[in-house]
Structure formats: C-alpha cells, structure tokens
$ cat model-v6.pdb   # PDB, C-alpha atoms
ATOM      1  CA  MET A 696      17.302  94.850 -20.665
ATOM      2  CA  LEU A 697      17.887  92.300 -17.853
ATOM      3  CA  SER A 698      20.639  92.904 -15.337
ATOM      4  CA  SER A 699      23.175  90.131 -14.679
ATOM      5  CA  PRO A 700      21.499  88.937 -11.440
ATOM      6  CA  GLN A 701      18.116  88.834 -13.199
ATOM      7  CA  LEU A 702      19.624  86.934 -16.132
ATOM      8  CA  ARG A 703      21.243  84.389 -13.844
ATOM      9  CA  LEU A 704      17.925  83.921 -11.989
ATOM     10  CA  GLY A 705      16.063  83.354 -15.269
ATOM     11  CA  VAL A 706      18.540  80.742 -16.439
ATOM     12  CA  THR A 707      18.404  78.974 -13.071
ATOM     13  CA  GLU A 708      14.606  78.916 -13.091
ATOM     14  CA  MET A 709      14.575  77.534 -16.637
ATOM     15  CA  ARG A 710      17.001  74.765 -15.740
ATOM     16  CA  ARG A 711      14.939  73.907 -12.637
ATOM     17  CA  ARG A 712      11.813  73.568 -14.761
ATOM     18  CA  GLU A 713      13.649  71.423 -17.313
ATOM     19  CA  PHE A 714      14.917  69.153 -14.509
ATOM     20  CA  LEU A 715      11.463  68.773 -12.951
ATOM     21  CA  GLY A 716      10.001  67.972 -16.368
ATOM     22  CA  LEU A 717      12.631  65.288 -16.864
ATOM     23  CA  VAL A 718      11.895  63.754 -13.445
ATOM     24  CA  VAL A 719       8.158  63.693 -14.107
ATOM     25  CA  GLY A 720       8.712  62.080 -17.510
ATOM     26  CA  VAL A 721      10.937  59.353 -16.102
ATOM     27  CA  ALA A 722       8.519  58.721 -13.236
ATOM     28  CA  ALA A 723       5.703  58.228 -15.723
ATOM     29  CA  LEU A 724       7.701  55.514 -17.457
ATOM     30  CA  TRP A 725       8.902  53.816 -14.250
ATOM     31  CA  PRO A 726       6.835  50.876 -12.787
ATOM     32  CA  SER A 727       4.817  51.958  -9.749
ATOM     33  CA  GLY A 728       6.649  49.634  -7.337
ATOM     34  CA  GLY A 729       5.440  46.468  -5.631
ATOM     35  CA  HIS A 730       1.733  47.237  -6.047
ATOM     36  CA  ALA A 731       1.936  47.160  -9.865
ATOM     37  CA  GLN A 732       4.048  44.023  -9.812
ATOM     38  CA  GLN A 733       1.596  42.322  -7.440
ATOM     39  CA  LYS A 734      -1.297  43.085  -9.791
ATOM     40  CA  ALA A 735       0.554  41.378 -12.609
ATOM     41  CA  LEU A 736       0.675  38.060 -10.698
ATOM     42  CA  PRO A 737      -1.866  35.373 -11.595
ATOM     43  CA  VAL A 738      -4.275  34.870  -8.705
ATOM     44  CA  VAL A 739      -5.577  31.499  -7.507
ATOM     45  CA  GLY A 740      -8.889  31.551  -5.682
ATOM     46  CA  PHE A 741      -8.894  28.989  -2.843
ATOM     47  CA  LEU A 742     -12.457  28.141  -1.791
ATOM     48  CA  ASN A 743     -12.847  25.787   1.176
ATOM     49  CA  SER A 744     -15.787  24.734   3.323
ATOM     50  CA  ALA A 745     -13.619  24.193   6.414
ATOM     51  CA  SER A 746     -11.691  26.683   8.557
ATOM     52  CA  ALA A 747      -8.245  28.169   8.016
ATOM     53  CA  GLU A 748      -7.115  26.837  11.392
ATOM     54  CA  GLY A 749      -8.453  23.312  10.929
ATOM     55  CA  TYR A 750      -7.156  22.926   7.384
ATOM     56  CA  ALA A 751      -3.864  24.826   7.551
ATOM     57  CA  SER A 752      -1.974  21.629   6.683
ATOM     58  CA  MET A 753      -4.151  21.099   3.591
ATOM     59  CA  ALA A 754      -3.554  24.661   2.387
ATOM     60  CA  SER A 755       0.175  24.081   2.891
ATOM     61  CA  ALA A 756       0.010  20.877   0.822
ATOM     62  CA  PHE A 757      -1.802  22.791  -1.944
ATOM     63  CA  ARG A 758       0.957  25.413  -1.995
ATOM     64  CA  GLN A 759       3.533  22.625  -2.167
ATOM     65  CA  GLY A 760       1.836  21.315  -5.305
ATOM     66  CA  LEU A 761       1.932  24.790  -6.820
ATOM     67  CA  LYS A 762       5.630  25.000  -5.982
ATOM     68  CA  GLU A 763       6.305  21.675  -7.697
ATOM     69  CA  ALA A 764       4.677  23.153 -10.799
ATOM     70  CA  GLY A 765       6.998  26.158 -10.587
ATOM     71  CA  TYR A 766       4.749  28.643  -8.781
ATOM     72  CA  VAL A 767       5.786  30.190  -5.464
ATOM     73  CA  VAL A 768       3.274  32.298  -3.559
ATOM     74  CA  GLY A 769       4.404  35.912  -3.397
ATOM     75  CA  ASP A 770       6.945  35.363  -6.160
ATOM     76  CA  ASN A 771       5.049  34.478  -9.323
ATOM     77  CA  VAL A 772       1.553  33.650  -8.020
ATOM     78  CA  ALA A 773      -0.894  34.977  -5.417
ATOM     79  CA  ILE A 774      -3.672  33.162  -3.530
ATOM     80  CA  GLU A 775      -6.983  34.606  -2.382
ATOM     81  CA  TYR A 776      -8.413  32.417   0.414
ATOM     82  CA  ARG A 777     -12.095  32.106   1.228
ATOM     83  CA  TRP A 778     -13.026  29.873   4.193
ATOM     84  CA  ALA A 779     -16.664  29.038   5.000
ATOM     85  CA  ASP A 780     -15.826  27.875   8.557
ATOM     86  CA  ASN A 781     -18.065  24.827   8.026
ATOM     87  CA  GLN A 782     -21.086  27.011   7.235
ATOM     88  CA  TYR A 783     -21.989  25.591   3.844
ATOM     89  CA  ASP A 784     -24.638  28.224   3.132
ATOM     90  CA  ARG A 785     -21.803  30.784   2.837
ATOM     91  CA  LEU A 786     -20.139  28.978  -0.065
ATOM     92  CA  PRO A 787     -22.204  30.445  -2.966
ATOM     93  CA  ARG A 788     -21.444  34.001  -1.825
ATOM     94  CA  LEU A 789     -17.748  33.238  -1.299
ATOM     95  CA  ALA A 790     -17.526  31.608  -4.736
ATOM     96  CA  ALA A 791     -19.222  34.607  -6.353
ATOM     97  CA  ASP A 792     -16.796  36.918  -4.566
ATOM     98  CA  LEU A 793     -13.755  35.113  -5.991
ATOM     99  CA  VAL A 794     -15.277  35.108  -9.477
ATOM    100  CA  SER A 795     -16.009  38.833  -9.270
ATOM    101  CA  ASN A 796     -12.351  39.365  -8.374
ATOM    102  CA  GLN A 797     -11.490  37.634 -11.672
ATOM    103  CA  VAL A 798      -9.158  35.000 -10.240
ATOM    104  CA  THR A 799      -7.117  33.122 -12.826
ATOM    105  CA  VAL A 800      -7.938  29.637 -11.486
ATOM    106  CA  LEU A 801     -10.449  28.641  -8.810
ATOM    107  CA  PHE A 802      -9.798  25.703  -6.456
ATOM    108  CA  ALA A 803     -12.704  24.102  -4.557
ATOM    109  CA  ASN A 804     -12.843  21.322  -1.967
ATOM    110  CA  SER A 805     -15.627  18.749  -2.070
ATOM    111  CA  PRO A 806     -18.573  20.735  -0.601
ATOM    112  CA  SER A 807     -17.417  23.827  -2.523
ATOM    113  CA  ILE A 808     -17.424  22.334  -6.032
ATOM    114  CA  ALA A 809     -21.127  22.813  -6.800
ATOM    115  CA  PRO A 810     -21.105  26.497  -5.686
ATOM    116  CA  ALA A 811     -17.917  27.096  -7.695
ATOM    117  CA  LYS A 812     -19.425  25.503 -10.814
ATOM    118  CA  ALA A 813     -22.594  27.565 -10.367
ATOM    119  CA  ALA A 814     -20.539  30.759 -10.048
ATOM    120  CA  THR A 815     -18.565  30.395 -13.293
ATOM    121  CA  SER A 816     -18.490  28.394 -16.503
ATOM    122  CA  THR A 817     -15.394  30.128 -17.863
ATOM    123  CA  ILE A 818     -12.790  30.392 -15.091
ATOM    124  CA  PRO A 819     -10.821  27.115 -14.828
ATOM    125  CA  ILE A 820     -11.670  25.095 -11.695
ATOM    126  CA  THR A 821      -9.527  22.499  -9.941
ATOM    127  CA  PHE A 822     -11.105  20.435  -7.189
ATOM    128  CA  LEU A 823     -10.634  17.786  -4.547
ATOM    129  CA  SER A 824     -13.788  15.685  -4.551
ATOM    130  CA  GLY A 825     -14.767  13.187  -1.876
ATOM    131  CA  ASP A 826     -17.336  11.643  -4.205
ATOM    132  CA  ASP A 827     -17.707  10.573  -7.841
ATOM    133  CA  PRO A 828     -17.419  13.809  -9.884
ATOM    134  CA  VAL A 829     -18.977  12.131 -12.936
ATOM    135  CA  ARG A 830     -22.087  11.012 -11.050
ATOM    136  CA  LEU A 831     -22.435  14.496  -9.584
ATOM    137  CA  GLY A 832     -22.145  16.082 -13.047
ATOM    138  CA  PHE A 833     -18.970  18.060 -12.374
ATOM    139  CA  VAL A 834     -17.137  16.418 -15.304
ATOM    140  CA  ALA A 835     -18.215  14.506 -18.398
ATOM    141  CA  SER A 836     -15.833  11.621 -17.702
ATOM    142  CA  LEU A 837     -12.737  10.937 -15.650
ATOM    143  CA  GLY A 838     -10.503  10.624 -18.704
ATOM    144  CA  ARG A 839     -11.899  13.606 -20.623
ATOM    145  CA  PRO A 840     -13.520  15.985 -18.129
ATOM    146  CA  GLY A 841     -14.636  18.557 -20.698
ATOM    147  CA  GLY A 842     -15.911  21.905 -19.487
ATOM    148  CA  ASN A 843     -13.915  24.070 -17.111
ATOM    149  CA  ALA A 844     -13.232  21.686 -14.197
ATOM    150  CA  THR A 845     -10.878  18.847 -13.293
ATOM    151  CA  GLY A 846      -9.018  17.689 -10.217
ATOM    152  CA  VAL A 847      -8.596  14.834  -7.773
ATOM    153  CA  ALA A 848     -11.239  12.362  -6.570
ATOM    154  CA  ILE A 849     -11.114  10.562  -3.221
ATOM    155  CA  ARG A 850     -13.906   8.051  -2.639
ATOM    156  CA  SER A 851     -14.422   8.881   1.041
ATOM    157  CA  GLY A 852     -17.675   6.975   1.459
ATOM    158  CA  GLU A 853     -16.486   3.628   0.129
ATOM    159  CA  LEU A 854     -14.209   2.613   3.004
ATOM    160  CA  GLY A 855     -16.788   2.339   5.780
ATOM    161  CA  ALA A 856     -16.717  -1.468   5.981
ATOM    162  CA  LYS A 857     -12.934  -1.640   6.065
ATOM    163  CA  ARG A 858     -12.666   1.076   8.702
ATOM    164  CA  LEU A 859     -15.259  -0.592  10.929
ATOM    165  CA  GLY A 860     -13.483  -3.931  10.521
ATOM    166  CA  LEU A 861     -10.111  -2.471  11.522
ATOM    167  CA  LEU A 862     -11.602  -0.779  14.583
ATOM    168  CA  HIS A 863     -13.262  -4.058  15.623
ATOM    169  CA  ASP A 864      -9.977  -5.928  15.138
ATOM    170  CA  LEU A 865      -8.337  -3.436  17.496
ATOM    171  CA  VAL A 866     -11.213  -3.712  19.995
ATOM    172  CA  PRO A 867     -12.517  -7.279  19.503
ATOM    173  CA  SER A 868     -14.608  -7.108  22.667
ATOM    174  CA  ALA A 869     -16.732  -4.283  21.259
ATOM    175  CA  LYS A 870     -20.428  -5.039  20.778
ATOM    176  CA  ILE A 871     -21.807  -1.535  20.236
ATOM    177  CA  VAL A 872     -20.085   1.014  17.982
ATOM    178  CA  ALA A 873     -21.149   4.646  17.856
ATOM    179  CA  VAL A 874     -20.722   6.331  14.457
ATOM    180  CA  LEU A 875     -20.437  10.090  13.993
ATOM    181  CA  VAL A 876     -21.957  11.127  10.659
ATOM    182  CA  ASN A 877     -22.042  14.550   9.005
ATOM    183  CA  SER A 878     -25.061  14.351   6.676
ATOM    184  CA  ASP A 879     -24.134  17.629   4.964
ATOM    185  CA  PHE A 880     -21.211  15.768   3.371
ATOM    186  CA  GLY A 881     -22.546  13.883   0.342
ATOM    187  CA  PRO A 882     -20.488  10.657   0.659
ATOM    188  CA  SER A 883     -21.775  10.148   4.231
ATOM    189  CA  GLY A 884     -24.763   8.295   2.803
ATOM    190  CA  SER A 885     -22.695   5.562   1.155
ATOM    191  CA  PHE A 886     -20.376   5.477   4.187
ATOM    192  CA  LYS A 887     -23.311   4.874   6.530
ATOM    193  CA  ALA A 888     -24.744   2.107   4.319
ATOM    194  CA  ASP A 889     -21.309   0.492   4.077
ATOM    195  CA  VAL A 890     -20.864   0.534   7.853
ATOM    196  CA  GLU A 891     -24.328  -0.833   8.559
ATOM    197  CA  ALA A 892     -23.822  -3.748   6.133
ATOM    198  CA  ALA A 893     -20.429  -4.584   7.688
ATOM    199  CA  ALA A 894     -21.919  -4.356  11.184
ATOM    200  CA  ARG A 895     -24.501  -7.018  10.351
ATOM    201  CA  THR A 896     -21.739  -9.332   9.131
ATOM    202  CA  ARG A 897     -19.764  -8.870  12.357
ATOM    203  CA  GLU A 898     -22.890  -8.931  14.548
ATOM    204  CA  LEU A 899     -22.203  -5.430  15.836
ATOM    205  CA  GLU A 900     -24.816  -2.932  16.946
ATOM    206  CA  ILE A 901     -24.487   0.542  15.441
ATOM    207  CA  ARG A 902     -25.520   3.830  17.068
ATOM    208  CA  LEU A 903     -25.633   6.582  14.440
ATOM    209  CA  LEU A 904     -25.037  10.062  15.858
ATOM    210  CA  GLN A 905     -25.766  13.130  13.717
ATOM    211  CA  THR A 906     -23.003  15.759  13.866
ATOM    212  CA  ASN A 907     -23.664  18.669  11.501
ATOM    213  CA  ASN A 908     -22.509  21.419  13.869
ATOM    214  CA  ALA A 909     -20.448  21.976  16.996
ATOM    215  CA  HIS A 910     -23.466  21.687  19.304
ATOM    216  CA  GLU A 911     -24.371  18.288  17.847
ATOM    217  CA  VAL A 912     -20.807  17.078  18.384
ATOM    218  CA  ASP A 913     -21.039  18.001  22.076
ATOM    219  CA  THR A 914     -24.440  16.310  22.319
ATOM    220  CA  ALA A 915     -23.141  13.171  20.585
ATOM    221  CA  PHE A 916     -20.306  12.725  23.049
ATOM    222  CA  ALA A 917     -22.629  13.423  25.968
ATOM    223  CA  ASN A 918     -24.881  10.612  24.673
ATOM    224  CA  LEU A 919     -22.095   8.066  24.185
ATOM    225  CA  ALA A 920     -22.377   6.804  27.759
ATOM    226  CA  GLN A 921     -26.136   6.440  27.409
ATOM    227  CA  ALA A 922     -25.595   4.579  24.129
ATOM    228  CA  ARG A 923     -23.259   2.185  26.009
ATOM    229  CA  ALA A 924     -20.847   2.356  23.073
ATOM    230  CA  ASP A 925     -17.663   0.301  23.272
ATOM    231  CA  ALA A 926     -15.940   2.071  20.378
ATOM    232  CA  LEU A 927     -16.376   5.114  18.171
ATOM    233  CA  LEU A 928     -16.075   5.496  14.397
ATOM    234  CA  VAL A 929     -15.750   9.042  13.037
ATOM    235  CA  GLY A 930     -17.254   9.499   9.580
ATOM    236  CA  PRO A 931     -15.645  11.253   6.593
ATOM    237  CA  GLY A 932     -15.717  14.848   5.455
ATOM    238  CA  PRO A 933     -14.088  18.243   6.028
ATOM    239  CA  PHE A 934     -16.390  19.184   8.927
ATOM    240  CA  LEU A 935     -15.272  16.300  11.133
ATOM    241  CA  ASP A 936     -11.717  16.124   9.821
ATOM    242  CA  SER A 937     -11.061  19.813  10.472
ATOM    243  CA  ARG A 938     -12.106  19.214  14.090
ATOM    244  CA  ARG A 939      -9.796  16.254  14.525
ATOM    245  CA  SER A 940      -7.910  17.578  17.571
ATOM    246  CA  TRP A 941     -11.154  18.386  19.381
ATOM    247  CA  LEU A 942     -12.642  14.951  18.601
ATOM    248  CA  VAL A 943      -9.483  13.187  19.746
ATOM    249  CA  GLU A 944      -9.554  15.180  22.972
ATOM    250  CA  LEU A 945     -13.228  14.373  23.607
ATOM    251  CA  ALA A 946     -12.616  10.663  22.951
ATOM    252  CA  ALA A 947      -9.639  10.649  25.323
ATOM    253  CA  LYS A 948     -11.685  12.227  28.121
ATOM    254  CA  ILE A 949     -14.098   9.289  28.144
ATOM    255  CA  ALA A 950     -11.418   6.726  27.217
ATOM    256  CA  ILE A 951     -13.263   5.371  24.175
ATOM    257  CA  PRO A 952     -11.267   3.741  21.336
ATOM    258  CA  ALA A 953     -11.921   5.706  18.161
ATOM    259  CA  GLY A 954     -11.190   5.267  14.452
ATOM    260  CA  TYR A 955     -10.777   8.149  12.008
ATOM    261  CA  GLU A 956     -10.441   8.794   8.293
ATOM    262  CA  THR A 957      -7.165  10.713   7.968
ATOM    263  CA  ARG A 958      -3.598  10.214   9.136
ATOM    264  CA  ALA A 959      -3.643  13.673  10.735
ATOM    265  CA  SER A 960      -6.200  12.378  13.258
ATOM    266  CA  ALA A 961      -3.955   9.490  14.317
ATOM    267  CA  VAL A 962      -1.012  11.891  14.572
ATOM    268  CA  ALA A 963      -3.191  14.098  16.800
ATOM    269  CA  GLY A 964      -3.688  11.155  19.171
ATOM    270  CA  GLY A 965      -6.493   9.098  17.612
ATOM    271  CA  LEU A 966      -6.213   5.327  18.004
ATOM    272  CA  VAL A 967      -6.341   4.432  14.309
ATOM    273  CA  SER A 968      -6.933   5.993  10.911
ATOM    274  CA  TYR A 969      -7.624   4.400   7.567
ATOM    275  CA  GLY A 970      -8.233   6.317   4.389
ATOM    276  CA  ALA A 971      -6.767   8.131   1.445
ATOM    277  CA  ASP A 972      -3.960  10.621   1.935
ATOM    278  CA  VAL A 973      -6.081  13.792   1.811
ATOM    279  CA  ALA A 974      -3.070  16.086   2.175
ATOM    280  CA  ASP A 975      -1.505  14.484  -0.902
ATOM    281  CA  GLY A 976      -4.784  15.048  -2.733
ATOM    282  CA  TYR A 977      -4.447  18.754  -1.993
ATOM    283  CA  ARG A 978      -0.857  18.633  -3.227
ATOM    284  CA  GLN A 979      -1.959  17.028  -6.494
ATOM    285  CA  ALA A 980      -4.714  19.634  -6.882
ATOM    286  CA  GLY A 981      -2.086  22.344  -6.418
ATOM    287  CA  LEU A 982       0.064  20.711  -9.072
ATOM    288  CA  TYR A 983      -2.875  20.640 -11.491
ATOM    289  CA  THR A 984      -3.565  24.301 -10.707
ATOM    290  CA  GLY A 985       0.028  25.086 -11.662
ATOM    291  CA  ARG A 986      -0.347  23.203 -14.931
ATOM    292  CA  ILE A 987      -3.438  25.249 -15.791
ATOM    293  CA  LEU A 988      -1.554  28.444 -14.980
ATOM    294  CA  MET A 989       1.048  27.282 -17.498
ATOM    295  CA  GLY A 990      -1.610  26.915 -20.186
ATOM    296  CA  ASP A 991      -3.124  23.434 -19.870
ATOM    297  CA  LYS A 992      -6.913  23.264 -20.171
ATOM    298  CA  PRO A 993      -9.062  21.532 -17.517
ATOM    299  CA  ALA A 994     -11.015  19.762 -20.257
ATOM    300  CA  ASP A 995      -7.840  17.904 -21.287
ATOM    301  CA  LEU A 996      -6.519  16.978 -17.810
ATOM    302  CA  PRO A 997      -7.947  13.634 -16.615
ATOM    303  CA  VAL A 998      -9.363  13.500 -13.106
ATOM    304  CA  LEU A 999      -6.828  11.848 -10.809
ATOM    305  CA  LEU A1000      -8.073   9.013  -8.601
ATOM    306  CA  ALA A1001      -6.495   8.796  -5.149
ATOM    307  CA  THR A1002      -6.355   4.998  -4.968
ATOM    308  CA  LYS A1003      -3.685   4.684  -2.286
ATOM    309  CA  VAL A1004      -4.975   4.298   1.274
ATOM    310  CA  GLU A1005      -2.938   4.230   4.463
ATOM    311  CA  LEU A1006      -3.399   2.534   7.819
ATOM    312  CA  VAL A1007      -1.928   4.409  10.787
ATOM    313  CA  ILE A1008      -1.996   3.037  14.355
ATOM    314  CA  ASN A1009      -1.154   5.148  17.385
ATOM    315  CA  LEU A1010       0.492   2.644  19.735
ATOM    316  CA  LYS A1011       0.828   5.235  22.490
ATOM    317  CA  THR A1012      -2.954   5.736  22.502
ATOM    318  CA  ALA A1013      -3.518   1.978  22.401
ATOM    319  CA  LYS A1014      -1.377   1.569  25.531
ATOM    320  CA  ALA A1015      -3.270   4.361  27.293
ATOM    321  CA  LEU A1016      -6.510   2.479  26.527
ATOM    322  CA  ALA A1017      -4.951  -0.815  27.700
ATOM    323  CA  LEU A1018      -5.422  -2.356  24.264
ATOM    324  CA  LYS A1019      -3.187  -5.166  23.052
ATOM    325  CA  ILE A1020      -2.480  -4.759  19.330
ATOM    326  CA  SER A1021      -1.674  -7.940  17.435
ATOM    327  CA  ASP A1022       1.655  -8.224  15.650
ATOM    328  CA  GLN A1023      -0.241  -8.899  12.420
ATOM    329  CA  LEU A1024      -2.033  -5.550  12.603
ATOM    330  CA  LEU A1025       1.164  -3.701  13.467
ATOM    331  CA  ILE A1026       2.975  -5.292  10.524
ATOM    332  CA  SER A1027       0.144  -4.397   8.135
ATOM    333  CA  ALA A1028       0.144  -0.743   9.227
ATOM    334  CA  ASP A1029       1.732   1.813   6.942
ATOM    335  CA  GLU A1030       2.793   3.770  10.009
ATOM    336  CA  VAL A1031       2.931   3.046  13.739
ATOM    337  CA  ILE A1032       3.119   6.042  16.081
ATOM    338  CA  ASP A1033       4.818   5.247  19.381
TER     339      ASP A1033
END

$ encode --input "model-v6.pdb" --output "structure tokens"
Amino acid sequence: MLSSPQLRLGVTEMRRREFLGLVVGVAALWPSGGHAQQKALPVVGFLNSASAEGYASMASAFRQGLKEAGYVVGDNVAIEYRWADNQYDRLPRLAADLVSNQVTVLFANSPSIAPAKAATSTIPITFLSGDDPVRLGFVASLGRPGGNATGVAIRSGELGAKRLGLLHDLVPSAKIVAVLVNSDFGPSGSFKADVEAAARTRELEIRLLQTNNAHEVDTAFANLAQARADALLVGPGPFLDSRRSWLVELAAKIAIPAGYETRASAVAGGLVSYGADVADGYRQAGLYTGRILMGDKPADLPVLLATKVELVINLKTAKALALKISDQLLISADEVID
C-alpha cells in the first residue's frame, strides 16, 4: 500500500503527463507560424533578361499592377525573381527553375518569353513583348490568345523613323548619326530598317554600332569620334534601356546629343526620349497577373497593345549642349524636364 507522500507523487506525475499530452495535442492542431502561412501564398515567378538594379523601377511597376488587382507582396502573394543580368543564354535554366518551383503564374519580359513558353505549357504566363506576339507564335491571336500565355505588346521596333526625325529636329545641323543596336533583341531588325529608310529621306548618314555586351558599348563610344558622329540614337530593348544611366553618362562626357527609347532615360539626363511607356506596360502585366490569380484564364484575356507613346525633352541637357529647342517642339512634348 502506498504511503501518502508516494500517493501525492503519483497523482502529480499523472497530472503532469496529462498536461503534456494536452499541450502536444493542441500544438499538433495549431498552424506552424509564418512559414506555413507563407507556403499557402500564391507565388508569381518573375523572369527578366535584364538586371535587378537596372530594372528596379519596372519591377516596382509590376508590383503596382498586382496591388491594383488586390494582391500585395508579402500579404497575399509572393514573388520569386530570376534576373539573367543581360546574359540571354541563362534564361532557359532560370525559366526551368521557376517551373520546377511550381509557381502559380510566370511573368516574362520580351527576351524571356520564348524560354518561358518552352519551359511550360500548363503554368499561366503573362508577358511584356517588344514585338508582335502573334508573328512570333506566342499567342494564336491578339483578341483570343489561346494556350497559356497573354500580356502586353509594345512595338519597340516600329518607331525608328519617328525617333530619328525628332533627334534631327533637335539637332538640325547633324549630318552623321551613330545608332547603337542590340542585335540580340528581336525588334532591333525592324528598328534598324526603319532608321535607315528615314535617314535616306533626310539625307543623313548612319553609322551602325553593335552593342550586345558591356565591352561593345565601351568600344562604340570610343569609336564615336572616329565616326565623326554629330548625334547618337540609342536603339530599343532591355539591354540598352537597363544601362540608361551609364549611356547618358558616356554621352555627356563627349557632349553628343542623344535620343533614347524610354522616359526613364530622359529623366536620367538624356536629351530626348520617344517611345511607349514601358513602366506602364509592366504595370498592366502585373494587373493581368492579378486577374489570373483570381481565376481568369490567359486564353480568354486579349493581348493589350501599348499604343500610347510619349515625347520627353530634357531642357537642362539641351542647354548644356548649347541647343536651341523650338517652341513648337516644346509644345508638342508630353513632358519637358528643366
């Protein structure tokens, strides 16, 4: 027979075991904190040929589009970023990596679309294309894309003549115009043809300079003096656009008037920009991504055409180059930076 102290000890031990069992049972039912909640979030794969530093503003615009659709990063959606740092041969592996991580939706910029499409035929894809997505086979038609992809199309290569004309209007004394072209960007072909045709009309001489990597950019600027160029036109595409600050700085060092594709380049100090609002294209792609997260199918979302273009003139840069800008050009500009 147990003594009183032994009896009390047995009861205490039994109660302790019952309490621990209760705690373990409750813990098994309780969510495992932030990690479990994070796993429950839908994940957007963000595949981009440029660099995180050069395209930070574009990534921000994409997140803004998601927010407009009701998705806030860290709250009810997560983003996995993959940047190729302008090394296009990395894109297939980066696309495959996102697909293997089973992202909910995959976003791809223009050079990344083909690798994304090759990596998956089932995960929904949103894109920002600088070329005709129908001609390239990414969608069946603009109105009814079909398949697993849709997005926004910006015809980057079709504004070459207009951009050359604007640059010549700003620098009417120019006889020779150097043109930086990134041949890895598909629309560069139509851009180059457009510029060359416009140059013949204006009796301008064109010096095409290949710029597919950082070394070729340095070489191009070193050759500008030898080319006796009076002005510089920077071609389209993420490679050149993501290096906008560097290009503006190089142009300023040799005091050459230069025209660019995107507003961000004029804001960075470029003389003039003319082209579609690329940042807004990223915003629209983010909005489409949000709609797909809500249940819409890419096959039923028509490809959006970015038809609005904007002319931005940096008057401060014009003054530094001793250029007199006509009142007509200033009035026609969508934005004048002073």

$ closest_residue --input "model-v6.pdb" --among "A:Ala963, A:Ile1008, A:Ala779, A:Ile1026" --to "Ser940 (chain A)" --atoms "all atoms listed in the file"
A:Ala963

$ atom_distance --input "model-v6.pdb" --atom1 "CA of Val872 (chain A)" --atom2 "CA of Gly749 (chain A)"
26.1 Å

$ atom_distance --input "model-v6.pdb" --atom1 "CA of Val768 (chain A)" --atom2 "CA of Leu823 (chain A)"
20.1 Å

$ atom_distance --input "model-v6.pdb" --atom1 "CA of Arg986 (chain A)" --atom2 "CA of Ser746 (chain A)"
26.3 Å

$ closest_residue --input "model-v6.pdb" --among "A:Phe880, A:Tyr750, A:Tyr776, A:Phe833" --to "Ala994 (chain A)" --atoms "only C-alpha atoms"
A:Phe833

$ residues_near_point --input "model-v6.pdb" --point "(-23.1, 3.9, 21.4)" --cutoff "12 Å" --atoms "only C-alpha atoms" --output "number ranges by chain"
A: 869-875, 899-904, 915-928, 951-953

$ residues_near_point --input "model-v6.pdb" --point "(-20.2, 28.3, -10.4)" --cutoff "12 Å" --atoms "only C-alpha atoms" --output "ChimeraX atom specification"
/A:742,786-795,801-803,807-820,833,842-844

$ closest_residue --input "model-v6.pdb" --among "A:Asp936, A:Leu865, A:Leu999, A:Val973" --to "Thr1012 (chain A)" --atoms "all atoms listed in the file"
A:Leu865
